[in-house]
>>> print(open('work_17.cif').read())   # mmCIF, C-alpha atoms
data_coords
#
loop_
_atom_site.group_PDB
_atom_site.id
_atom_site.type_symbol
_atom_site.label_atom_id
_atom_site.label_comp_id
_atom_site.auth_asym_id
_atom_site.auth_seq_id
_atom_site.Cartn_x
_atom_site.Cartn_y
_atom_site.Cartn_z
ATOM 1 C CA MET A 1468 8.805 60.305 6.556
ATOM 2 C CA LYS A 1469 5.967 59.895 9.048
ATOM 3 C CA SER A 1470 5.437 56.441 10.488
ATOM 4 C CA ALA A 1471 2.633 54.387 12.019
ATOM 5 C CA ILE A 1472 2.621 51.110 13.900
ATOM 6 C CA ALA A 1473 -0.285 48.744 14.464
ATOM 7 C CA ILE A 1474 0.129 46.902 17.776
ATOM 8 C CA ALA A 1475 -2.352 44.067 18.299
ATOM 9 C CA ALA A 1476 -2.583 41.071 20.591
ATOM 10 C CA HIS A 1477 -2.617 38.179 18.118
ATOM 11 C CA PRO A 1478 -1.786 37.414 14.488
ATOM 12 C CA ASP A 1479 -4.880 38.351 12.394
ATOM 13 C CA ASP A 1480 -6.179 40.998 14.861
ATOM 14 C CA ILE A 1481 -4.597 43.714 12.746
ATOM 15 C CA GLU A 1482 -6.424 42.491 9.648
ATOM 16 C CA PHE A 1483 -9.801 42.492 11.392
ATOM 17 C CA TYR A 1484 -9.560 45.880 13.111
ATOM 18 C CA MET A 1485 -6.690 48.031 11.796
ATOM 19 C CA ALA A 1486 -5.299 46.950 8.422
ATOM 20 C CA GLY A 1487 -7.360 49.267 6.236
ATOM 21 C CA THR A 1488 -6.187 52.373 8.068
ATOM 22 C CA LEU A 1489 -2.594 51.128 8.085
ATOM 23 C CA LEU A 1490 -2.768 50.486 4.337
ATOM 24 C CA LEU A 1491 -4.215 53.932 3.576
ATOM 25 C CA LEU A 1492 -1.382 55.528 5.517
ATOM 26 C CA LYS A 1493 1.089 53.440 3.500
ATOM 27 C CA GLN A 1494 -0.511 54.650 0.295
ATOM 28 C CA ALA A 1495 -0.253 58.239 1.590
ATOM 29 C CA GLY A 1496 3.520 57.835 1.869
ATOM 30 C CA TRP A 1497 3.877 56.797 5.500
ATOM 31 C CA GLU A 1498 6.256 54.123 6.763
ATOM 32 C CA THR A 1499 4.143 51.385 8.360
ATOM 33 C CA HIS A 1500 4.829 48.659 10.928
ATOM 34 C CA TYR A 1501 2.965 45.488 11.906
ATOM 35 C CA MET A 1502 3.260 43.902 15.353
ATOM 36 C CA SER A 1503 1.376 41.248 17.304
ATOM 37 C CA VAL A 1504 2.467 41.145 20.941
ATOM 38 C CA GLY A 1505 1.214 37.561 21.272
ATOM 39 C CA ASN A 1506 2.723 34.843 19.086
ATOM 40 C CA GLY A 1507 -0.556 33.047 18.366
ATOM 41 C CA CYS A 1508 0.499 29.749 19.970
ATOM 42 C CA CYS A 1509 -2.945 29.008 21.432
ATOM 43 C CA GLY A 1510 -4.848 29.503 18.194
ATOM 44 C CA SER A 1511 -5.207 25.881 17.107
ATOM 45 C CA VAL A 1512 -6.945 22.615 17.882
ATOM 46 C CA GLN A 1513 -4.836 20.770 15.295
ATOM 47 C CA TYR A 1514 -1.229 21.561 16.282
ATOM 48 C CA ASN A 1515 0.710 21.853 19.527
ATOM 49 C CA ALA A 1516 1.829 25.239 20.874
ATOM 50 C CA LYS A 1517 5.280 25.193 19.254
ATOM 51 C CA GLN A 1518 3.952 24.127 15.862
ATOM 52 C CA THR A 1519 1.203 26.733 16.029
ATOM 53 C CA ARG A 1520 3.628 29.504 16.994
ATOM 54 C CA ILE A 1521 5.912 28.712 14.032
ATOM 55 C CA LEU A 1522 2.996 28.429 11.626
ATOM 56 C CA ARG A 1523 1.325 31.635 12.714
ATOM 57 C CA ARG A 1524 4.566 33.624 12.670
ATOM 58 C CA ALA A 1525 5.036 32.676 9.022
ATOM 59 C CA GLU A 1526 1.431 33.598 8.237
ATOM 60 C CA ALA A 1527 1.768 36.977 9.955
ATOM 61 C CA LYS A 1528 4.974 37.760 8.067
ATOM 62 C CA ARG A 1529 3.226 37.062 4.776
ATOM 63 C CA ALA A 1530 0.243 39.182 5.807
ATOM 64 C CA ALA A 1531 2.516 42.098 6.737
ATOM 65 C CA LYS A 1532 4.144 41.800 3.315
ATOM 66 C CA VAL A 1533 0.722 41.966 1.638
ATOM 67 C CA LEU A 1534 0.055 45.179 3.573
ATOM 68 C CA GLY A 1535 3.485 46.584 2.754
ATOM 69 C CA ALA A 1536 4.364 46.926 6.442
ATOM 70 C CA ARG A 1537 7.514 46.010 8.320
ATOM 71 C CA PHE A 1538 6.991 42.932 10.483
ATOM 72 C CA HIS A 1539 7.970 42.911 14.177
ATOM 73 C CA GLU A 1540 8.341 39.740 16.227
ATOM 74 C CA GLY A 1541 5.831 38.710 18.886
ATOM 75 C CA LEU A 1542 6.933 38.971 22.496
ATOM 76 C CA ARG A 1543 4.731 36.586 24.483
ATOM 77 C CA SER A 1544 2.604 33.471 24.244
ATOM 78 C CA ASP A 1545 -1.162 33.875 23.993
ATOM 79 C CA LEU A 1546 -2.947 34.442 27.319
ATOM 80 C CA GLU A 1547 0.399 35.488 28.837
ATOM 81 C CA ILE A 1548 0.132 39.138 27.822
ATOM 82 C CA PHE A 1549 0.114 40.928 31.163
ATOM 83 C CA TYR A 1550 0.673 44.551 32.094
ATOM 84 C CA GLU A 1551 4.071 44.055 33.700
ATOM 85 C CA LEU A 1552 7.458 45.745 33.616
ATOM 86 C CA LYS A 1553 9.556 43.328 31.552
ATOM 87 C CA LEU A 1554 7.071 43.257 28.690
ATOM 88 C CA LEU A 1555 6.536 47.025 28.910
ATOM 89 C CA ARG A 1556 10.285 47.644 28.578
ATOM 90 C CA ARG A 1557 10.427 45.442 25.460
ATOM 91 C CA LEU A 1558 7.500 47.191 23.822
ATOM 92 C CA ALA A 1559 8.989 50.579 24.715
ATOM 93 C CA GLY A 1560 12.119 49.451 22.867
ATOM 94 C CA VAL A 1561 10.057 48.831 19.745
ATOM 95 C CA ILE A 1562 8.380 52.235 20.011
ATOM 96 C CA ARG A 1563 11.743 53.989 20.398
ATOM 97 C CA GLU A 1564 13.117 52.143 17.396
ATOM 98 C CA VAL A 1565 10.129 52.923 15.138
ATOM 99 C CA LYS A 1566 9.436 56.464 16.432
ATOM 100 C CA PRO A 1567 5.803 56.346 15.291
ATOM 101 C CA ASN A 1568 3.674 59.420 14.847
ATOM 102 C CA VAL A 1569 0.615 57.166 15.090
ATOM 103 C CA VAL A 1570 0.042 54.073 17.224
ATOM 104 C CA LEU A 1571 -2.970 51.941 16.291
ATOM 105 C CA THR A 1572 -4.017 49.474 18.977
ATOM 106 C CA HIS A 1573 -6.953 47.721 20.610
ATOM 107 C CA ALA A 1574 -9.821 49.308 22.499
ATOM 108 C CA PRO A 1575 -9.103 50.079 26.172
ATOM 109 C CA VAL A 1576 -11.782 47.517 27.053
ATOM 110 C CA ASP A 1577 -12.539 44.469 24.933
ATOM 111 C CA TYR A 1578 -13.922 40.979 25.217
ATOM 112 C CA MET A 1579 -10.611 39.365 26.236
ATOM 113 C CA GLU A 1580 -7.737 40.411 28.455
ATOM 114 C CA ASP A 1581 -5.001 39.924 25.829
ATOM 115 C CA HIS A 1582 -6.613 42.749 23.833
ATOM 116 C CA THR A 1583 -7.089 45.001 26.850
ATOM 117 C CA ASN A 1584 -3.583 44.424 28.190
ATOM 118 C CA THR A 1585 -2.037 45.015 24.769
ATOM 119 C CA SER A 1586 -3.865 48.338 24.626
ATOM 120 C CA ARG A 1587 -2.556 49.352 28.050
ATOM 121 C CA LEU A 1588 1.003 48.307 27.187
ATOM 122 C CA ALA A 1589 0.939 50.180 23.868
ATOM 123 C CA VAL A 1590 -0.342 53.336 25.556
ATOM 124 C CA THR A 1591 2.344 53.338 28.244
ATOM 125 C CA ALA A 1592 5.139 52.404 25.816
ATOM 126 C CA ALA A 1593 4.110 55.345 23.631
ATOM 127 C CA PHE A 1594 3.830 57.627 26.658
ATOM 128 C CA ALA A 1595 7.445 56.807 27.591
ATOM 129 C CA HIS A 1596 8.815 57.601 24.124
ATOM 130 C CA ALA A 1597 10.576 60.753 25.371
ATOM 131 C CA MET A 1598 11.363 59.693 28.963
ATOM 132 C CA PRO A 1599 15.127 59.110 29.317
ATOM 133 C CA ASN A 1600 14.725 57.840 32.887
ATOM 134 C CA PHE A 1601 12.588 54.892 31.762
ATOM 135 C CA ARG A 1602 14.818 52.128 30.446
ATOM 136 C CA SER A 1603 13.670 50.167 27.425
ATOM 137 C CA SER A 1604 14.815 46.692 26.497
ATOM 138 C CA PRO A 1605 17.063 46.789 24.590
ATOM 139 C CA PRO A 1606 18.180 50.310 25.586
ATOM 140 C CA ARG A 1607 17.349 52.794 22.854
ATOM 141 C CA PRO A 1608 17.617 56.583 22.699
ATOM 142 C CA VAL A 1609 14.516 58.624 23.347
ATOM 143 C CA ALA A 1610 13.269 61.375 21.047
ATOM 144 C CA GLU A 1611 10.931 64.321 21.453
ATOM 145 C CA TYR A 1612 8.099 64.235 18.906
ATOM 146 C CA ASN A 1613 4.310 64.044 18.785
ATOM 147 C CA VAL A 1614 2.751 60.596 18.976
ATOM 148 C CA THR A 1615 -1.003 59.967 18.819
ATOM 149 C CA VAL A 1616 -2.649 56.754 19.998
ATOM 150 C CA TYR A 1617 -5.834 55.540 18.326
ATOM 151 C CA HIS A 1618 -7.939 52.726 19.746
ATOM 152 C CA ALA A 1619 -9.775 50.377 17.380
ATOM 153 C CA MET A 1620 -13.313 49.180 17.832
ATOM 154 C CA PRO A 1621 -13.793 46.213 20.196
ATOM 155 C CA HIS A 1622 -14.772 42.810 18.883
ATOM 156 C CA SER A 1623 -18.313 42.808 17.415
ATOM 157 C CA LEU A 1624 -18.512 46.547 18.210
ATOM 158 C CA ARG A 1625 -19.502 45.767 21.804
ATOM 159 C CA ASP A 1626 -17.882 46.314 25.182
ATOM 160 C CA PRO A 1627 -17.354 43.349 27.534
ATOM 161 C CA LEU A 1628 -20.845 43.864 28.974
ATOM 162 C CA ARG A 1629 -22.403 43.423 25.503
ATOM 163 C CA ARG A 1630 -23.267 47.099 24.965
ATOM 164 C CA LEU A 1631 -22.940 48.488 21.444
ATOM 165 C CA VAL A 1632 -20.400 51.292 21.135
ATOM 166 C CA ALA A 1633 -19.763 53.946 18.502
ATOM 167 C CA PRO A 1634 -16.323 55.255 17.491
ATOM 168 C CA GLY A 1635 -15.082 58.807 17.622
ATOM 169 C CA ALA A 1636 -14.042 58.736 13.965
ATOM 170 C CA PHE A 1637 -14.392 56.597 10.859
ATOM 171 C CA VAL A 1638 -11.859 55.677 8.190
ATOM 172 C CA ASN A 1639 -13.188 54.755 4.750
ATOM 173 C CA THR A 1640 -11.593 51.386 3.947
ATOM 174 C CA ALA A 1641 -13.586 50.545 0.792
ATOM 175 C CA SER A 1642 -10.522 50.955 -1.445
ATOM 176 C CA ALA A 1643 -8.474 48.769 0.904
ATOM 177 C CA GLN A 1644 -11.002 45.987 1.460
ATOM 178 C CA ASP A 1645 -9.622 43.643 -1.222
ATOM 179 C CA ILE A 1646 -6.094 43.906 0.172
ATOM 180 C CA LYS A 1647 -7.417 43.426 3.716
ATOM 181 C CA ARG A 1648 -9.041 40.195 2.553
ATOM 182 C CA ALA A 1649 -5.804 39.114 0.878
ATOM 183 C CA ALA A 1650 -3.815 39.779 4.055
ATOM 184 C CA LEU A 1651 -6.339 37.918 6.196
ATOM 185 C CA ALA A 1652 -6.273 34.998 3.764
ATOM 186 C CA GLU A 1653 -2.612 34.445 4.675
ATOM 187 C CA HIS A 1654 -3.776 33.339 8.140
ATOM 188 C CA LYS A 1655 -4.907 29.989 6.787
ATOM 189 C CA SER A 1656 -4.519 28.146 10.091
ATOM 190 C CA GLN A 1657 -7.234 30.305 11.656
ATOM 191 C CA ARG A 1658 -10.069 28.993 9.527
ATOM 192 C CA LYS A 1659 -10.426 25.822 11.580
ATOM 193 C CA TRP A 1660 -9.683 27.523 14.908
ATOM 194 C CA LEU A 1661 -12.271 30.288 14.502
ATOM 195 C CA GLU A 1662 -14.816 27.794 13.213
ATOM 196 C CA VAL A 1663 -14.399 25.776 16.423
ATOM 197 C CA SER A 1664 -13.946 28.646 18.903
ATOM 198 C CA GLN A 1665 -16.324 31.291 17.500
ATOM 199 C CA GLY A 1666 -18.499 29.519 14.962
ATOM 200 C CA LEU A 1667 -17.067 31.383 11.977
ATOM 201 C CA ASP A 1668 -17.141 29.524 8.687
ATOM 202 C CA SER A 1669 -15.603 32.320 6.606
ATOM 203 C CA LEU A 1670 -12.896 34.748 7.700
ATOM 204 C CA SER A 1671 -13.434 37.116 4.766
ATOM 205 C CA ALA A 1672 -17.198 37.199 5.369
ATOM 206 C CA LYS A 1673 -16.622 38.200 9.005
ATOM 207 C CA LEU A 1674 -14.089 40.810 7.911
ATOM 208 C CA ASP A 1675 -16.619 42.354 5.540
ATOM 209 C CA GLU A 1676 -19.405 42.108 8.122
ATOM 210 C CA LEU A 1677 -17.427 44.113 10.676
ATOM 211 C CA ALA A 1678 -16.313 46.733 8.147
ATOM 212 C CA ARG A 1679 -19.824 47.039 6.755
ATOM 213 C CA ALA A 1680 -21.284 47.503 10.258
ATOM 214 C CA VAL A 1681 -18.854 50.337 11.030
ATOM 215 C CA GLY A 1682 -19.531 51.840 7.610
ATOM 216 C CA LYS A 1683 -23.255 51.825 8.387
ATOM 217 C CA LEU A 1684 -22.582 53.690 11.633
ATOM 218 C CA SER A 1685 -20.733 56.358 9.651
ATOM 219 C CA LYS A 1686 -23.797 56.962 7.426
ATOM 220 C CA LYS A 1687 -21.329 57.689 4.636
ATOM 221 C CA PHE A 1688 -18.917 54.823 3.894
ATOM 222 C CA LYS A 1689 -19.683 51.305 2.646
ATOM 223 C CA PHE A 1690 -16.751 49.785 4.553
ATOM 224 C CA ALA A 1691 -15.003 51.475 7.456
ATOM 225 C CA GLU A 1692 -12.810 51.060 10.505
ATOM 226 C CA GLY A 1693 -13.651 52.968 13.676
ATOM 227 C CA TRP A 1694 -11.268 54.742 16.032
ATOM 228 C CA TRP A 1695 -11.146 56.518 19.363
ATOM 229 C CA ARG A 1696 -8.343 59.057 19.757
ATOM 230 C CA HIS A 1697 -6.507 58.870 23.087
ATOM 231 C CA LEU A 1698 -6.219 62.014 25.211
ATOM 232 C CA HIS A 1699 -3.076 63.839 24.088
ATOM 233 C CA TYR A 1700 -1.549 64.754 27.477
ATOM 234 C CA GLY A 1701 2.007 63.411 27.649
ATOM 235 C CA PHE A 1702 1.944 62.267 24.027
ATOM 236 C CA SER A 1703 1.955 65.580 22.150
ATOM 237 C CA ALA A 1704 2.413 69.218 23.041
ATOM 238 C CA THR A 1705 -1.044 70.103 21.754
ATOM 239 C CA GLU A 1706 -4.100 68.175 20.641
ATOM 240 C CA VAL A 1707 -3.447 66.788 17.158
ATOM 241 C CA ASP A 1708 -5.303 64.388 14.863
ATOM 242 C CA PRO A 1709 -2.764 63.034 12.346
ATOM 243 C CA LEU A 1710 -5.184 60.521 10.813
ATOM 244 C CA ARG A 1711 -7.451 63.396 9.843
ATOM 245 C CA GLU A 1712 -4.519 65.262 8.345
ATOM 246 C CA GLY A 1713 -3.068 62.207 6.597
ATOM 247 C CA LEU A 1714 -6.234 60.606 5.213
ATOM 248 C CA GLY A 1715 -8.252 63.643 4.173
ATOM 249 C CA LYS A 1716 -11.656 62.750 2.707
ATOM 250 C CA ASN A 1717 -11.291 59.147 3.870
ATOM 251 C CA TYR A 1718 -11.500 60.305 7.499
ATOM 252 C CA LEU A 1719 -14.781 61.313 9.104
ATOM 253 C CA VAL A 1720 -15.191 62.671 12.624
ATOM 254 C CA ASN A 1721 -18.225 61.373 14.505
ATOM 255 C CA LYS A 1722 -19.793 64.687 15.477
ATOM 256 C CA THR A 1723 -22.245 63.043 17.865
ATOM 257 C CA TYR A 1724 -19.359 61.524 19.797
ATOM 258 C CA GLU A 1725 -17.464 64.829 19.828
ATOM 259 C CA ARG A 1726 -20.503 66.723 21.147
ATOM 260 C CA GLY A 1727 -20.845 64.141 23.894
ATOM 261 C CA LEU A 1728 -17.310 64.882 25.099
ATOM 262 C CA SER A 1729 -18.292 68.392 26.213
ATOM 263 C CA ARG A 1730 -21.320 67.364 28.232
#
>>> encode(input="work_17.cif", output="structure tokens")
Amino acid sequence: MKSAIAIAAHPDDIEFYMAGTLLLLKQAGWETHYMSVGNGCCGSVQYNAKQTRILRRAEAKRAAKVLGARFHEGLRSDLEIFYELKLLRRLAGVIREVKPNVVLTHAPVDYMEDHTNTSRLAVTAAFAHAMPNFRSSPPRPVAEYNVTVYHAMPHSLRDPLRRLVAPGAFVNTASAQDIKRAALAEHKSQRKWLEVSQGLDSLSAKLDELARAVGKLSKKFKFAEGWWRHLHYGFSATEVDPLREGLGKNYLVNKTYERGLSR
């Protein structure tokens, strides 16, 4: 059975950026995994860090269950996700345990460093999947297989300098949108936090707004998630696109982006 893992920075990031694609892979027969590197402890103005961490862990576990994905524990507190060796070894241990064919993670550049650092960690952990001389924590055997990393769209579809960006491919998430909303609804503690920190009064409305905006960019889908495929060197023997193979008509290559790669 092929497998995919979504690796995000915080509980609820997967729902906003990656859950539709993860769910479609599940429905196509893939084994799926759900992991937030950060434990969500800073995402509250009502509870202290320990209370928030416990609350958000429970919410994330319920959300993973809604998506039919295996839940993996967070590894760090919010704003303490740095590109450093100890954390990289732990994430490499997860990758070697799961043996994913697909890694879904954040954009290489995004509006906050937790997202960017999670992306960098996920890329290197996947790169080391077949390197016996790099020790994971806990130690796990390496395996030789193709792994492909896909980067999600950044928050609000903009880079940190406010420029709009377009993905390299689109995934049609219209059939998954109701379940995405249900998974996001499990993160009840975030309603107040996002209202205070980002001015959001409805999580599901923001979820639909983002998916609708990406769908509009596709010029084909009503709701979509966008992806950039990481360069394959060191990850697979040849260039492969397993999302295209696994999702069929629900996957659309952005031809404008592809043409731009050869310029």
>>> atom_distance(input="work_17.cif", atom1="atom CA of Arg1607 of chain A", atom2="atom CA of Arg1543 of chain A")
20.6 Å
>>> resolve_selection(input="work_17.cif", expression="the PyMOL selection byres ((chain A and resi 1505) around 7)", output="list of chain:residue names")
A:Ala1476, A:His1477, A:Ser1503, A:Val1504, A:Asn1506, A:Gly1507, A:Gly1541, A:Leu1542, A:Arg1543, A:Ser1544, A:Asp1545, A:Ile1548
>>> atom_distance(input="work_17.cif", atom1="atom CA of Tyr1724 of chain A", atom2="atom CA of Tyr1484 of chain A")
19.6 Å
>>> resolve_selection(input="work_17.cif", expression="the PyMOL selection byres ((chain A and resi 1609-1625) around 7)", output="CSV table (one decimal) with C-alpha atoms, in the coordinates of the input")
chain,number,residue,atom,x,y,z
A,1484,TYR,CA,-9.6,45.9,13.1
A,1485,MET,CA,-6.7,48.0,11.8
A,1563,ARG,CA,11.7,54.0,20.4
A,1567,PRO,CA,5.8,56.3,15.3
A,1568,ASN,CA,3.7,59.4,14.8
A,1569,VAL,CA,0.6,57.2,15.1
A,1570,VAL,CA,0.0,54.1,17.2
A,1571,LEU,CA,-3.0,51.9,16.3
A,1572,THR,CA,-4.0,49.5,19.0
A,1573,HIS,CA,-7.0,47.7,20.6
A,1574,ALA,CA,-9.8,49.3,22.5
A,1577,ASP,CA,-12.5,44.5,24.9
A,1578,TYR,CA,-13.9,41.0,25.2
A,1590,VAL,CA,-0.3,53.3,25.6
A,1596,HIS,CA,8.8,57.6,24.1
A,1597,ALA,CA,10.6,60.8,25.4
A,1598,MET,CA,11.4,59.7,29.0
A,1599,PRO,CA,15.1,59.1,29.3
A,1607,ARG,CA,17.3,52.8,22.9
A,1608,PRO,CA,17.6,56.6,22.7
A,1626,ASP,CA,-17.9,46.3,25.2
A,1627,PRO,CA,-17.4,43.3,27.5
A,1629,ARG,CA,-22.4,43.4,25.5
A,1630,ARG,CA,-23.3,47.1,25.0
A,1631,LEU,CA,-22.9,48.5,21.4
A,1632,VAL,CA,-20.4,51.3,21.1
A,1634,PRO,CA,-16.3,55.3,17.5
A,1677,LEU,CA,-17.4,44.1,10.7
A,1693,GLY,CA,-13.7,53.0,13.7
A,1694,TRP,CA,-11.3,54.7,16.0
A,1695,TRP,CA,-11.1,56.5,19.4
A,1696,ARG,CA,-8.3,59.1,19.8
A,1697,HIS,CA,-6.5,58.9,23.1
A,1699,HIS,CA,-3.1,63.8,24.1
A,1702,PHE,CA,1.9,62.3,24.0
A,1703,SER,CA,2.0,65.6,22.2
A,1704,ALA,CA,2.4,69.2,23.0
>>> residues_around(input="work_17.cif", residues="Lys1493 of chain A", least_positions_apart="5", cutoff="8 Å", atoms="all atoms listed in the file", output="VMD selection string")
chain A and resid 1498 to 1499 1535 to 1536
>>> closest_residue(input="work_17.cif", among="A:Val1638, A:Ile1474, A:Ala1650, A:Ala1559", to="Asn1584 of chain A", atoms="only C-alpha atoms")
A:Ile1474
>>> resolve_selection(input="work_17.cif", expression="the PyMOL selection byres ((chain A and resi 1592) around 10)", output="VMD selection string")
chain A and resid 1554 to 1563 1586 to 1591 1593 to 1597 1601 1603
>>> closest_residue(input="work_17.cif", among="A:Lys1686, A:His1654, A:Lys1566, A:Arg1711", to="Met1468 of chain A", atoms="all atoms listed in the file")
A:Lys1566
>>> residues_around(input="work_17.cif", residues="Ala1678 of chain A", least_positions_apart="4", cutoff="7 Å", atoms="only C-alpha atoms", output="PyMOL selection string")
chain A and resi 1674+1682+1690-1692
>>> write_last_selection(input="work_17.cif", atoms="C-alpha atoms", output="tab-separated table (two decimals), in the frame of the given file")
chain	number	residue	atom	x	y	z
A	1674	LEU	CA	-14.09	40.81	7.91
A	1682	GLY	CA	-19.53	51.84	7.61
A	1690	PHE	CA	-16.75	49.78	4.55
A	1691	ALA	CA	-15.00	51.48	7.46
A	1692	GLU	CA	-12.81	51.06	10.50
>>> closest_residue(input="work_17.cif", among="A:His1582, A:Lys1469, A:His1539, A:Arg1658", to="Gln1513 of chain A", atoms="only C-alpha atoms")
A:Arg1658
